[in-house]
>>> print(open('target28.pdb').read())   # PDB, C-alpha atoms, pLDDT in the B column
ATOM      1  CA  MET Y  22      73.931  25.900 -13.556  1.00 64.00           C
ATOM      2  CA  THR Y  23      74.829  28.243 -10.732  1.00 88.00           C
ATOM      3  CA  ARG Y  24      77.798  27.326  -8.590  1.00 94.00           C
ATOM      4  CA  PRO Y  25      77.979  27.912  -4.811  1.00 95.00           C
ATOM      5  CA  ALA Y  26      79.008  31.368  -3.602  1.00 94.00           C
ATOM      6  CA  ASN Y  27      82.318  30.007  -2.279  1.00 98.00           C
ATOM      7  CA  GLU Y  28      83.514  29.350  -5.848  1.00 98.00           C
ATOM      8  CA  ALA Y  29      85.049  32.039  -8.069  1.00 98.00           C
ATOM      9  CA  LEU Y  30      86.043  32.284 -11.723  1.00 98.00           C
ATOM     10  CA  ILE Y  31      89.510  33.794 -12.255  1.00 98.00           C
ATOM     11  CA  MET Y  32      89.972  34.944 -15.870  1.00 98.00           C
ATOM     12  CA  ILE Y  33      93.647  35.463 -16.532  1.00 98.00           C
ATOM     13  CA  ASP Y  34      95.088  37.983 -19.009  1.00 98.00           C
ATOM     14  CA  ILE Y  35      92.646  37.560 -21.918  1.00 98.00           C
ATOM     15  CA  GLN Y  36      94.160  40.590 -23.625  1.00 98.00           C
ATOM     16  CA  ASN Y  37      94.830  41.586 -27.229  1.00 98.00           C
ATOM     17  CA  ASP Y  38      98.590  41.149 -27.024  1.00 97.00           C
ATOM     18  CA  PHE Y  39      98.103  37.494 -26.031  1.00 97.00           C
ATOM     19  CA  CYS Y  40      95.689  36.800 -28.892  1.00 97.00           C
ATOM     20  CA  SER Y  41      96.320  36.366 -32.627  1.00 95.00           C
ATOM     21  CA  GLY Y  42      98.122  39.378 -34.054  1.00 96.00           C
ATOM     22  CA  GLY Y  43      99.298  40.527 -30.632  1.00 97.00           C
ATOM     23  CA  ALA Y  44     102.836  41.326 -29.561  1.00 95.00           C
ATOM     24  CA  LEU Y  45     103.114  38.102 -27.537  1.00 94.00           C
ATOM     25  CA  ALA Y  46     100.418  36.046 -29.216  1.00 94.00           C
ATOM     26  CA  VAL Y  47      99.413  32.702 -27.768  1.00 94.00           C
ATOM     27  CA  LYS Y  48      98.377  30.488 -30.663  1.00 92.00           C
ATOM     28  CA  HIS Y  49      94.578  30.551 -30.997  1.00 93.00           C
ATOM     29  CA  GLY Y  50      94.326  32.445 -27.709  1.00 96.00           C
ATOM     30  CA  GLU Y  51      91.110  34.173 -28.748  1.00 97.00           C
ATOM     31  CA  GLN Y  52      89.367  30.815 -29.207  1.00 97.00           C
ATOM     32  CA  ILE Y  53      88.772  30.570 -25.471  1.00 98.00           C
ATOM     33  CA  VAL Y  54      86.633  33.726 -25.312  1.00 98.00           C
ATOM     34  CA  PRO Y  55      83.201  32.160 -26.058  1.00 98.00           C
ATOM     35  CA  LEU Y  56      83.758  29.431 -23.480  1.00 98.00           C
ATOM     36  CA  VAL Y  57      84.952  31.922 -20.863  1.00 98.00           C
ATOM     37  CA  ASN Y  58      81.885  34.073 -21.491  1.00 98.00           C
ATOM     38  CA  GLU Y  59      79.666  31.033 -21.052  1.00 97.00           C
ATOM     39  CA  LEU Y  60      81.391  30.029 -17.819  1.00 97.00           C
ATOM     40  CA  GLN Y  61      80.795  33.469 -16.341  1.00 97.00           C
ATOM     41  CA  ASN Y  62      77.093  32.688 -16.127  1.00 96.00           C
ATOM     42  CA  GLU Y  63      77.816  30.008 -13.512  1.00 97.00           C
ATOM     43  CA  PHE Y  64      79.651  32.160 -10.963  1.00 97.00           C
ATOM     44  CA  ALA Y  65      78.663  34.841  -8.482  1.00 94.00           C
ATOM     45  CA  VAL Y  66      82.292  35.923  -8.012  1.00 97.00           C
ATOM     46  CA  LYS Y  67      84.234  36.790 -11.173  1.00 98.00           C
ATOM     47  CA  VAL Y  68      87.726  38.311 -11.380  1.00 98.00           C
ATOM     48  CA  LEU Y  69      89.654  39.529 -14.427  1.00 98.00           C
ATOM     49  CA  THR Y  70      93.431  39.908 -14.277  1.00 98.00           C
ATOM     50  CA  GLN Y  71      95.199  42.313 -16.615  1.00 98.00           C
ATOM     51  CA  ASP Y  72      98.903  42.511 -17.442  1.00 97.00           C
ATOM     52  CA  TRP Y  73      99.720  46.218 -17.142  1.00 97.00           C
ATOM     53  CA  HIS Y  74     103.355  47.047 -17.871  1.00 96.00           C
ATOM     54  CA  PRO Y  75     105.058  50.433 -18.104  1.00 96.00           C
ATOM     55  CA  GLN Y  76     106.977  50.956 -21.356  1.00 96.00           C
ATOM     56  CA  HIS Y  77     110.317  50.765 -19.537  1.00 94.00           C
ATOM     57  CA  HIS Y  78     109.574  47.469 -17.800  1.00 95.00           C
ATOM     58  CA  LYS Y  79     112.683  45.430 -17.041  1.00 94.00           C
ATOM     59  CA  SER Y  80     111.131  42.216 -18.391  1.00 93.00           C
ATOM     60  CA  PHE Y  81     111.177  43.673 -21.917  1.00 95.00           C
ATOM     61  CA  ALA Y  82     114.175  42.598 -24.015  1.00 92.00           C
ATOM     62  CA  ASP Y  83     114.251  46.014 -25.705  1.00 93.00           C
ATOM     63  CA  ASN Y  84     115.172  47.570 -22.351  1.00 94.00           C
ATOM     64  CA  HIS Y  85     118.399  45.518 -22.126  1.00 94.00           C
ATOM     65  CA  ASP Y  86     121.513  46.051 -24.231  1.00 91.00           C
ATOM     66  CA  ALA Y  87     122.485  43.164 -26.530  1.00 89.00           C
ATOM     67  CA  LYS Y  88     119.509  41.031 -25.538  1.00 92.00           C
ATOM     68  CA  GLN Y  89     117.034  39.322 -27.847  1.00 94.00           C
ATOM     69  CA  HIS Y  90     113.413  38.375 -27.315  1.00 92.00           C
ATOM     70  CA  TYR Y  91     113.111  35.251 -25.130  1.00 90.00           C
ATOM     71  CA  ASP Y  92     116.694  35.493 -23.847  1.00 92.00           C
ATOM     72  CA  MET Y  93     117.130  34.886 -20.144  1.00 91.00           C
ATOM     73  CA  THR Y  94     118.537  37.354 -17.655  1.00 92.00           C
ATOM     74  CA  ASP Y  95     119.097  37.353 -13.904  1.00 92.00           C
ATOM     75  CA  MET Y  96     116.922  39.642 -11.833  1.00 91.00           C
ATOM     76  CA  PRO Y  97     117.323  40.162  -8.077  1.00 91.00           C
ATOM     77  CA  TYR Y  98     114.449  37.699  -7.632  1.00 92.00           C
ATOM     78  CA  GLY Y  99     115.885  35.046  -9.982  1.00 91.00           C
ATOM     79  CA  PRO Y 100     115.890  34.067 -13.683  1.00 91.00           C
ATOM     80  CA  GLN Y 101     113.631  36.102 -15.944  1.00 90.00           C
ATOM     81  CA  VAL Y 102     112.547  35.572 -19.556  1.00 89.00           C
ATOM     82  CA  LEU Y 103     112.978  38.764 -21.590  1.00 92.00           C
ATOM     83  CA  TRP Y 104     109.767  39.271 -23.520  1.00 93.00           C
ATOM     84  CA  PRO Y 105     108.761  41.367 -26.512  1.00 93.00           C
ATOM     85  CA  ASN Y 106     107.125  44.604 -25.357  1.00 95.00           C
ATOM     86  CA  HIS Y 107     103.539  43.668 -24.512  1.00 96.00           C
ATOM     87  CA  CYS Y 108     100.491  44.839 -22.577  1.00 97.00           C
ATOM     88  CA  VAL Y 109     101.905  48.341 -22.230  1.00 97.00           C
ATOM     89  CA  GLN Y 110      99.698  50.503 -20.048  1.00 98.00           C
ATOM     90  CA  GLY Y 111      96.969  52.308 -21.962  1.00 97.00           C
ATOM     91  CA  THR Y 112      97.625  50.618 -25.304  1.00 98.00           C
ATOM     92  CA  ASN Y 113      95.250  48.536 -27.386  1.00 98.00           C
ATOM     93  CA  GLY Y 114      97.497  45.529 -26.763  1.00 98.00           C
ATOM     94  CA  ALA Y 115      96.798  45.782 -23.046  1.00 98.00           C
ATOM     95  CA  ALA Y 116      93.027  45.973 -23.576  1.00 98.00           C
ATOM     96  CA  PHE Y 117      90.829  42.946 -23.062  1.00 98.00           C
ATOM     97  CA  HIS Y 118      89.781  41.070 -26.197  1.00 98.00           C
ATOM     98  CA  LYS Y 119      86.805  42.871 -27.720  1.00 98.00           C
ATOM     99  CA  ASP Y 120      84.533  39.820 -27.513  1.00 98.00           C
ATOM    100  CA  LEU Y 121      85.260  39.094 -23.848  1.00 98.00           C
ATOM    101  CA  ASN Y 122      82.392  39.939 -21.517  1.00 98.00           C
ATOM    102  CA  THR Y 123      84.003  42.209 -18.935  1.00 98.00           C
ATOM    103  CA  ASP Y 124      80.879  43.918 -17.592  1.00 96.00           C
ATOM    104  CA  SER Y 125      79.970  41.219 -15.098  1.00 94.00           C
ATOM    105  CA  ALA Y 126      83.400  41.056 -13.428  1.00 97.00           C
ATOM    106  CA  ASP Y 127      83.471  42.094  -9.765  1.00 96.00           C
ATOM    107  CA  LEU Y 128      87.171  42.982  -9.854  1.00 98.00           C
ATOM    108  CA  VAL Y 129      89.796  43.847 -12.451  1.00 98.00           C
ATOM    109  CA  LEU Y 130      93.209  43.143 -10.948  1.00 98.00           C
ATOM    110  CA  ARG Y 131      96.155  44.783 -12.710  1.00 97.00           C
ATOM    111  CA  LYS Y 132      99.582  43.229 -12.313  1.00 96.00           C
ATOM    112  CA  GLY Y 133     103.109  43.749 -13.598  1.00 95.00           C
ATOM    113  CA  PHE Y 134     102.950  47.523 -13.150  1.00 96.00           C
ATOM    114  CA  ARG Y 135     106.116  47.698 -11.022  1.00 95.00           C
ATOM    115  CA  PRO Y 136     108.951  48.498 -13.495  1.00 94.00           C
ATOM    116  CA  HIS Y 137     111.602  46.292 -11.913  1.00 93.00           C
ATOM    117  CA  ILE Y 138     109.669  43.097 -11.307  1.00 93.00           C
ATOM    118  CA  ASP Y 139     107.504  40.917 -13.525  1.00 92.00           C
ATOM    119  CA  SER Y 140     104.262  39.348 -12.355  1.00 92.00           C
ATOM    120  CA  TYR Y 141     102.965  36.094 -13.799  1.00 94.00           C
ATOM    121  CA  SER Y 142     100.824  35.111 -10.846  1.00 97.00           C
ATOM    122  CA  ALA Y 143      97.548  36.768  -9.959  1.00 97.00           C
ATOM    123  CA  PHE Y 144      98.588  36.494  -6.309  1.00 98.00           C
ATOM    124  CA  PHE Y 145     102.270  37.466  -6.095  1.00 97.00           C
ATOM    125  CA  GLU Y 146     104.872  39.326  -8.090  1.00 94.00           C
ATOM    126  CA  ASN Y 147     107.734  37.181  -9.399  1.00 93.00           C
ATOM    127  CA  ASP Y 148     109.674  37.613  -6.164  1.00 92.00           C
ATOM    128  CA  HIS Y 149     106.965  35.330  -4.690  1.00 92.00           C
ATOM    129  CA  THR Y 150     106.590  37.640  -1.685  1.00 93.00           C
ATOM    130  CA  THR Y 151     104.981  40.893  -2.921  1.00 94.00           C
ATOM    131  CA  PRO Y 152     101.216  40.260  -2.818  1.00 96.00           C
ATOM    132  CA  THR Y 153      98.681  41.624  -5.305  1.00 96.00           C
ATOM    133  CA  GLY Y 154      95.888  41.652  -2.722  1.00 97.00           C
ATOM    134  CA  LEU Y 155      93.754  39.099  -4.566  1.00 98.00           C
ATOM    135  CA  SER Y 156      93.927  36.483  -1.827  1.00 98.00           C
ATOM    136  CA  ALA Y 157      92.537  38.876   0.786  1.00 98.00           C
ATOM    137  CA  TYR Y 158      89.766  39.988  -1.577  1.00 98.00           C
ATOM    138  CA  LEU Y 159      88.670  36.418  -2.228  1.00 98.00           C
ATOM    139  CA  ARG Y 160      88.802  35.481   1.461  1.00 98.00           C
ATOM    140  CA  GLU Y 161      86.624  38.447   2.354  1.00 97.00           C
ATOM    141  CA  ARG Y 162      84.137  37.330  -0.292  1.00 97.00           C
ATOM    142  CA  GLY Y 163      84.021  33.901   1.363  1.00 98.00           C
ATOM    143  CA  VAL Y 164      85.692  32.136  -1.550  1.00 98.00           C
ATOM    144  CA  ASP Y 165      87.752  28.976  -1.047  1.00 98.00           C
ATOM    145  CA  THR Y 166      87.538  27.339  -4.497  1.00 98.00           C
ATOM    146  CA  LEU Y 167      88.942  28.871  -7.676  1.00 98.00           C
ATOM    147  CA  HIS Y 168      88.232  27.976 -11.293  1.00 98.00           C
ATOM    148  CA  MET Y 169      90.955  29.346 -13.568  1.00 98.00           C
ATOM    149  CA  VAL Y 170      90.878  30.079 -17.290  1.00 98.00           C
ATOM    150  CA  GLY Y 171      92.973  32.249 -19.567  1.00 98.00           C
ATOM    151  CA  LEU Y 172      96.374  32.882 -21.077  1.00 97.00           C
ATOM    152  CA  ALA Y 173      98.818  31.359 -21.001  1.00 93.00           C
ATOM    153  CA  THR Y 174      98.508  27.887 -19.457  1.00 96.00           C
ATOM    154  CA  ASP Y 175     102.248  27.534 -18.887  1.00 94.00           C
ATOM    155  CA  PHE Y 176     102.951  30.987 -17.477  1.00 93.00           C
ATOM    156  CA  CYS Y 177     100.328  33.197 -15.843  1.00 96.00           C
ATOM    157  CA  VAL Y 178      97.741  30.434 -15.369  1.00 98.00           C
ATOM    158  CA  ARG Y 179     100.376  28.068 -14.030  1.00 97.00           C
ATOM    159  CA  PHE Y 180     101.858  30.495 -11.507  1.00 97.00           C
ATOM    160  CA  SER Y 181      98.440  31.704 -10.417  1.00 98.00           C
ATOM    161  CA  ALA Y 182      97.206  28.149  -9.867  1.00 98.00           C
ATOM    162  CA  VAL Y 183     100.284  27.055  -7.921  1.00 98.00           C
ATOM    163  CA  ASP Y 184     100.270  30.150  -5.718  1.00 98.00           C
ATOM    164  CA  ALA Y 185      96.564  29.767  -5.036  1.00 98.00           C
ATOM    165  CA  ALA Y 186      97.067  26.133  -4.027  1.00 98.00           C
ATOM    166  CA  LYS Y 187      99.935  27.123  -1.733  1.00 98.00           C
ATOM    167  CA  LEU Y 188      97.627  29.697  -0.128  1.00 98.00           C
ATOM    168  CA  GLY Y 189      95.114  26.959   0.661  1.00 98.00           C
ATOM    169  CA  PHE Y 190      92.546  27.461  -2.085  1.00 98.00           C
ATOM    170  CA  ASN Y 191      91.050  24.546  -3.962  1.00 98.00           C
ATOM    171  CA  VAL Y 192      92.043  25.107  -7.595  1.00 98.00           C
ATOM    172  CA  ILE Y 193      90.559  23.785 -10.841  1.00 98.00           C
ATOM    173  CA  VAL Y 194      92.151  24.795 -14.148  1.00 98.00           C
ATOM    174  CA  HIS Y 195      89.793  24.484 -17.122  1.00 98.00           C
ATOM    175  CA  LEU Y 196      92.263  23.324 -19.759  1.00 97.00           C
ATOM    176  CA  ASP Y 197      89.780  23.744 -22.600  1.00 97.00           C
ATOM    177  CA  ALA Y 198      89.516  27.441 -21.700  1.00 97.00           C
ATOM    178  CA  CYS Y 199      93.271  28.009 -21.671  1.00 97.00           C
ATOM    179  CA  ARG Y 200      95.981  28.111 -24.338  1.00 97.00           C
ATOM    180  CA  ALA Y 201      99.755  27.736 -23.937  1.00 94.00           C
ATOM    181  CA  ILE Y 202     102.930  29.323 -25.277  1.00 89.00           C
ATOM    182  CA  ASP Y 203     104.935  26.090 -24.773  1.00 89.00           C
ATOM    183  CA  LEU Y 204     108.389  27.669 -24.710  1.00 82.00           C
ATOM    184  CA  ASN Y 205     111.071  24.948 -24.577  1.00 85.00           C
ATOM    185  CA  GLY Y 206     108.766  22.378 -22.999  1.00 89.00           C
ATOM    186  CA  SER Y 207     107.162  24.803 -20.569  1.00 91.00           C
ATOM    187  CA  LEU Y 208     103.659  23.345 -20.999  1.00 93.00           C
ATOM    188  CA  LYS Y 209     104.563  19.853 -19.791  1.00 95.00           C
ATOM    189  CA  GLU Y 210     106.535  21.334 -16.928  1.00 96.00           C
ATOM    190  CA  ALA Y 211     103.590  23.536 -15.993  1.00 96.00           C
ATOM    191  CA  LEU Y 212     101.088  20.668 -15.977  1.00 96.00           C
ATOM    192  CA  ASN Y 213     103.388  18.566 -13.820  1.00 97.00           C
ATOM    193  CA  GLU Y 214     103.979  21.382 -11.352  1.00 98.00           C
ATOM    194  CA  MET Y 215     100.309  22.227 -11.028  1.00 98.00           C
ATOM    195  CA  GLN Y 216      99.422  18.590 -10.396  1.00 97.00           C
ATOM    196  CA  SER Y 217     102.179  18.262  -7.814  1.00 98.00           C
ATOM    197  CA  HIS Y 218     100.513  21.050  -5.822  1.00 98.00           C
ATOM    198  CA  GLY Y 219      97.097  19.434  -5.937  1.00 98.00           C
ATOM    199  CA  VAL Y 220      95.609  21.504  -8.738  1.00 98.00           C
ATOM    200  CA  LYS Y 221      92.766  19.698 -10.507  1.00 98.00           C
ATOM    201  CA  PHE Y 222      92.081  19.845 -14.241  1.00 97.00           C
ATOM    202  CA  SER Y 223      88.750  20.124 -16.009  1.00 94.00           C
ATOM    203  CA  GLY Y 224      88.062  19.773 -19.716  1.00 87.00           C
ATOM    204  CA  GLU Y 225      90.335  18.498 -22.458  1.00 82.00           C
ATOM    205  CA  MET Y 226      93.445  20.417 -23.445  1.00 78.00           C
ATOM    206  CA  VAL Y 227      93.136  21.649 -27.029  1.00 75.00           C
ATOM    207  CA  ALA Y 228      95.949  20.542 -29.335  1.00 64.00           C
ATOM    208  CA  GLN Y 229      97.865  23.460 -30.834  1.00 60.00           C
TER     209      GLN Y 229
END
>>> encode(input="target28.pdb", output="structure tokens")
Amino acid sequence: MTRPANEALIMIDIQNDFCSGGALAVKHGEQIVPLVNELQNEFAVKVLTQDWHPQHHKSFADNHDAKQHYDMTDMPYGPQVLWPNHCVQGTNGAAFHKDLNTDSADLVLRKGFRPHIDSYSAFFENDHTTPTGLSAYLRERGVDTLHMVGLATDFCVRFSAVDAAKLGFNVIVHLDACRAIDLNGSLKEALNEMQSHGVKFSGEMVAQ
């Protein structure tokens, strides 16, 4: 099956640090790789996003005195989870999973490289105003419908899907090709928010 040229596959942060054994592992994250590879065959437009943090990134708990992993802090742009160091630029943790087909991607979009601001969404930094440039790229390719897969459902997939819907794209999240962190009920909240913005779901969510 080949989908129309106006549809794109957005593959979000399928990186070693988000898979088993990684610094911020999403449970069974690597299980989505075969399905994502299969889906790539259906699309003419394929985009990979890649978390790409400097070592001194302000979203890392280790860069704050007296803070623990998953504590909250206030950034100029609002509340921010303080994460374990992950997806540090140039490290194996930041690399794509070895079994992921990356050769057919048209674009690799790196995000989170600004030291003072995190970036969950593929479209905007966490201030919700600094663009990544992805929207303009997709518009110039004639794309208006996005199929999203990747890690994690309740963070980077969620924010990417909501921002894309706000920008006027039709958005379908393939739940069977995503996995969640589910931090303090974040998965349910994410599903509700995505639906409230008109995001559609495809496939069955895998129990974790």
>>> residues_around(input="target28.pdb", residues="Phe117 of chain Y", least_positions_apart="5", cutoff="7 Å", atoms="all atoms listed in the file", output="MDAnalysis selection string")
chainID Y and resid 35:37
>>> atom_distance(input="target28.pdb", atom1="atom CA of Ala44 of chain Y", atom2="atom CA of Ala201 of chain Y")
15.0 Å
>>> closest_residue(input="target28.pdb", among="Y:Phe222, Y:Trp104, Y:Phe134, Y:Tyr158", to="Arg179 of chain Y", atoms="only C-alpha atoms")
Y:Phe222
>>> atom_distance(input="target28.pdb", atom1="atom CA of Ile31 of chain Y", atom2="atom CA of Ser207 of chain Y")
21.5 Å
>>> resolve_selection(input="target28.pdb", expression="the PyMOL selection byres ((chain Y and resi 174) around 8)", output="MDAnalysis selection string")
chainID Y and resid 171:173 175:179 196 199:202 208 211
>>> resolve_selection(input="target28.pdb", expression="the PyMOL selection byres ((chain Y and resi 112) around 12)", output="list in words")
Gln36, Asn37, Asp38, Gly43, Ala44, Asp72, Trp73, His74, Pro75, Gln76, Asn106, His107, Cys108, Val109, Gln110, Gly111, Asn113, Gly114, Ala115, Ala116 and Phe117 of chain Y
>>> resolve_selection(input="target28.pdb", expression="the PyMOL selection byres ((chain Y and resi 163-170) around 9)", output="ChimeraX atom specification")
/Y:26-33,35,53,57,66,158-162,171-174,178,181-182,185,189-200
>>> decode(input="target28.pdb", residues="segment 72-106 of chain Y", atoms="N, CA and C atoms", output="PDB file, in the first residue's frame")
ATOM      1  N   ASP Y  72      16.227  13.647  19.584  1.00  0.00           N
ATOM      2  CA  ASP Y  72      16.607  14.420  20.758  1.00  0.00           C
ATOM      3  C   ASP Y  72      18.120  14.607  20.727  1.00  0.00           C
ATOM      4  N   TRP Y  73      18.596  15.837  20.979  1.00  0.00           N
ATOM      5  CA  TRP Y  73      20.011  16.124  20.744  1.00  0.00           C
ATOM      6  C   TRP Y  73      20.474  17.175  21.748  1.00  0.00           C
ATOM      7  N   HIS Y  74      20.699  16.721  22.989  1.00  0.00           N
ATOM      8  CA  HIS Y  74      20.975  17.645  24.089  1.00  0.00           C
ATOM      9  C   HIS Y  74      22.471  17.843  24.326  1.00  0.00           C
ATOM     10  N   PRO Y  75      22.883  19.090  24.622  1.00  0.00           N
ATOM     11  CA  PRO Y  75      24.232  19.287  25.145  1.00  0.00           C
ATOM     12  C   PRO Y  75      24.329  18.731  26.570  1.00  0.00           C
ATOM     13  N   GLN Y  76      25.528  18.395  27.000  1.00  0.00           N
ATOM     14  CA  GLN Y  76      25.736  17.795  28.313  1.00  0.00           C
ATOM     15  C   GLN Y  76      25.232  18.683  29.450  1.00  0.00           C
ATOM     16  N   HIS Y  77      25.301  19.988  29.246  1.00  0.00           N
ATOM     17  CA  HIS Y  77      24.926  20.938  30.304  1.00  0.00           C
ATOM     18  C   HIS Y  77      23.478  21.418  30.165  1.00  0.00           C
ATOM     19  N   HIS Y  78      22.642  20.611  29.539  1.00  0.00           N
ATOM     20  CA  HIS Y  78      21.259  21.034  29.313  1.00  0.00           C
ATOM     21  C   HIS Y  78      20.516  21.245  30.629  1.00  0.00           C
ATOM     22  N   LYS Y  79      19.721  22.293  30.673  1.00  0.00           N
ATOM     23  CA  LYS Y  79      19.038  22.682  31.911  1.00  0.00           C
ATOM     24  C   LYS Y  79      17.883  21.754  32.281  1.00  0.00           C
ATOM     25  N   SER Y  80      17.501  20.848  31.391  1.00  0.00           N
ATOM     26  CA  SER Y  80      16.447  19.887  31.740  1.00  0.00           C
ATOM     27  C   SER Y  80      17.012  18.659  32.443  1.00  0.00           C
ATOM     28  N   PHE Y  81      18.318  18.597  32.612  1.00  0.00           N
ATOM     29  CA  PHE Y  81      18.951  17.467  33.298  1.00  0.00           C
ATOM     30  C   PHE Y  81      19.032  17.756  34.794  1.00  0.00           C
ATOM     31  N   ALA Y  82      18.532  16.834  35.612  1.00  0.00           N
ATOM     32  CA  ALA Y  82      18.557  17.018  37.064  1.00  0.00           C
ATOM     33  C   ALA Y  82      19.975  17.224  37.587  1.00  0.00           C
ATOM     34  N   ASP Y  83      20.945  16.554  36.975  1.00  0.00           N
ATOM     35  CA  ASP Y  83      22.332  16.648  37.443  1.00  0.00           C
ATOM     36  C   ASP Y  83      22.904  18.059  37.301  1.00  0.00           C
ATOM     37  N   ASN Y  84      22.250  18.898  36.518  1.00  0.00           N
ATOM     38  CA  ASN Y  84      22.723  20.274  36.337  1.00  0.00           C
ATOM     39  C   ASN Y  84      22.026  21.260  37.267  1.00  0.00           C
ATOM     40  N   HIS Y  85      21.330  20.723  38.299  1.00  0.00           N
ATOM     41  CA  HIS Y  85      20.658  21.547  39.303  1.00  0.00           C
ATOM     42  C   HIS Y  85      21.074  21.051  40.691  1.00  0.00           C
ATOM     43  N   ASP Y  86      21.421  21.972  41.556  1.00  0.00           N
ATOM     44  CA  ASP Y  86      21.788  21.603  42.926  1.00  0.00           C
ATOM     45  C   ASP Y  86      20.575  21.065  43.678  1.00  0.00           C
ATOM     46  N   ALA Y  87      20.786  19.993  44.427  1.00  0.00           N
ATOM     47  CA  ALA Y  87      19.772  19.436  45.334  1.00  0.00           C
ATOM     48  C   ALA Y  87      18.490  19.005  44.614  1.00  0.00           C
ATOM     49  N   LYS Y  88      18.629  18.598  43.371  1.00  0.00           N
ATOM     50  CA  LYS Y  88      17.478  18.102  42.623  1.00  0.00           C
ATOM     51  C   LYS Y  88      17.685  16.637  42.253  1.00  0.00           C
ATOM     52  N   GLN Y  89      16.599  15.887  42.256  1.00  0.00           N
ATOM     53  CA  GLN Y  89      16.632  14.476  41.905  1.00  0.00           C
ATOM     54  C   GLN Y  89      15.987  14.262  40.537  1.00  0.00           C
ATOM     55  N   HIS Y  90      16.271  13.116  39.948  1.00  0.00           N
ATOM     56  CA  HIS Y  90      15.620  12.770  38.687  1.00  0.00           C
ATOM     57  C   HIS Y  90      14.102  12.794  38.854  1.00  0.00           C
ATOM     58  N   TYR Y  91      13.428  13.402  37.909  1.00  0.00           N
ATOM     59  CA  TYR Y  91      11.967  13.505  37.827  1.00  0.00           C
ATOM     60  C   TYR Y  91      11.385  14.546  38.787  1.00  0.00           C
ATOM     61  N   ASP Y  92      12.227  15.290  39.498  1.00  0.00           N
ATOM     62  CA  ASP Y  92      11.733  16.462  40.223  1.00  0.00           C
ATOM     63  C   ASP Y  92      11.225  17.477  39.211  1.00  0.00           C
ATOM     64  N   MET Y  93      10.434  18.410  39.698  1.00  0.00           N
ATOM     65  CA  MET Y  93       9.969  19.512  38.861  1.00  0.00           C
ATOM     66  C   MET Y  93      10.753  20.782  39.206  1.00  0.00           C
ATOM     67  N   THR Y  94      10.921  21.625  38.227  1.00  0.00           N
ATOM     68  CA  THR Y  94      11.493  22.945  38.459  1.00  0.00           C
ATOM     69  C   THR Y  94      10.743  23.942  37.584  1.00  0.00           C
ATOM     70  N   ASP Y  95      10.915  25.216  37.888  1.00  0.00           N
ATOM     71  CA  ASP Y  95      10.287  26.268  37.087  1.00  0.00           C
ATOM     72  C   ASP Y  95      11.318  26.867  36.145  1.00  0.00           C
ATOM     73  N   MET Y  96      11.021  26.810  34.879  1.00  0.00           N
ATOM     74  CA  MET Y  96      11.828  27.463  33.852  1.00  0.00           C
ATOM     75  C   MET Y  96      11.108  28.743  33.421  1.00  0.00           C
ATOM     76  N   PRO Y  97      11.790  29.639  32.735  1.00  0.00           N
ATOM     77  CA  PRO Y  97      11.116  30.853  32.261  1.00  0.00           C
ATOM     78  C   PRO Y  97       9.865  30.573  31.433  1.00  0.00           C
ATOM     79  N   TYR Y  98       9.825  29.392  30.794  1.00  0.00           N
ATOM     80  CA  TYR Y  98       8.684  29.037  29.957  1.00  0.00           C
ATOM     81  C   TYR Y  98       7.646  28.195  30.692  1.00  0.00           C
ATOM     82  N   GLY Y  99       7.890  27.884  31.986  1.00  0.00           N
ATOM     83  CA  GLY Y  99       6.897  27.134  32.752  1.00  0.00           C
ATOM     84  C   GLY Y  99       7.509  25.938  33.459  1.00  0.00           C
ATOM     85  N   PRO Y 100       6.658  25.042  34.011  1.00  0.00           N
ATOM     86  CA  PRO Y 100       7.151  23.868  34.734  1.00  0.00           C
ATOM     87  C   PRO Y 100       7.935  22.935  33.818  1.00  0.00           C
ATOM     88  N   GLN Y 101       8.977  22.333  34.382  1.00  0.00           N
ATOM     89  CA  GLN Y 101       9.835  21.443  33.606  1.00  0.00           C
ATOM     90  C   GLN Y 101      10.219  20.232  34.449  1.00  0.00           C
ATOM     91  N   VAL Y 102       9.993  19.024  33.910  1.00  0.00           N
ATOM     92  CA  VAL Y 102      10.501  17.813  34.543  1.00  0.00           C
ATOM     93  C   VAL Y 102      12.024  17.792  34.402  1.00  0.00           C
ATOM     94  N   LEU Y 103      12.720  17.427  35.473  1.00  0.00           N
ATOM     95  CA  LEU Y 103      14.169  17.285  35.428  1.00  0.00           C
ATOM     96  C   LEU Y 103      14.519  15.818  35.174  1.00  0.00           C
ATOM     97  N   TRP Y 104      15.096  15.567  34.025  1.00  0.00           N
ATOM     98  CA  TRP Y 104      15.312  14.207  33.555  1.00  0.00           C
ATOM     99  C   TRP Y 104      16.711  13.708  33.888  1.00  0.00           C
ATOM    100  N   PRO Y 105      16.902  12.392  33.898  1.00  0.00           N
ATOM    101  CA  PRO Y 105      18.269  11.855  33.851  1.00  0.00           C
ATOM    102  C   PRO Y 105      18.949  12.337  32.563  1.00  0.00           C
ATOM    103  N   ASN Y 106      20.279  12.487  32.606  1.00  0.00           N
ATOM    104  CA  ASN Y 106      20.992  12.853  31.386  1.00  0.00           C
ATOM    105  C   ASN Y 106      20.677  11.837  30.287  1.00  0.00           C
TER     106      ASN Y 106
END
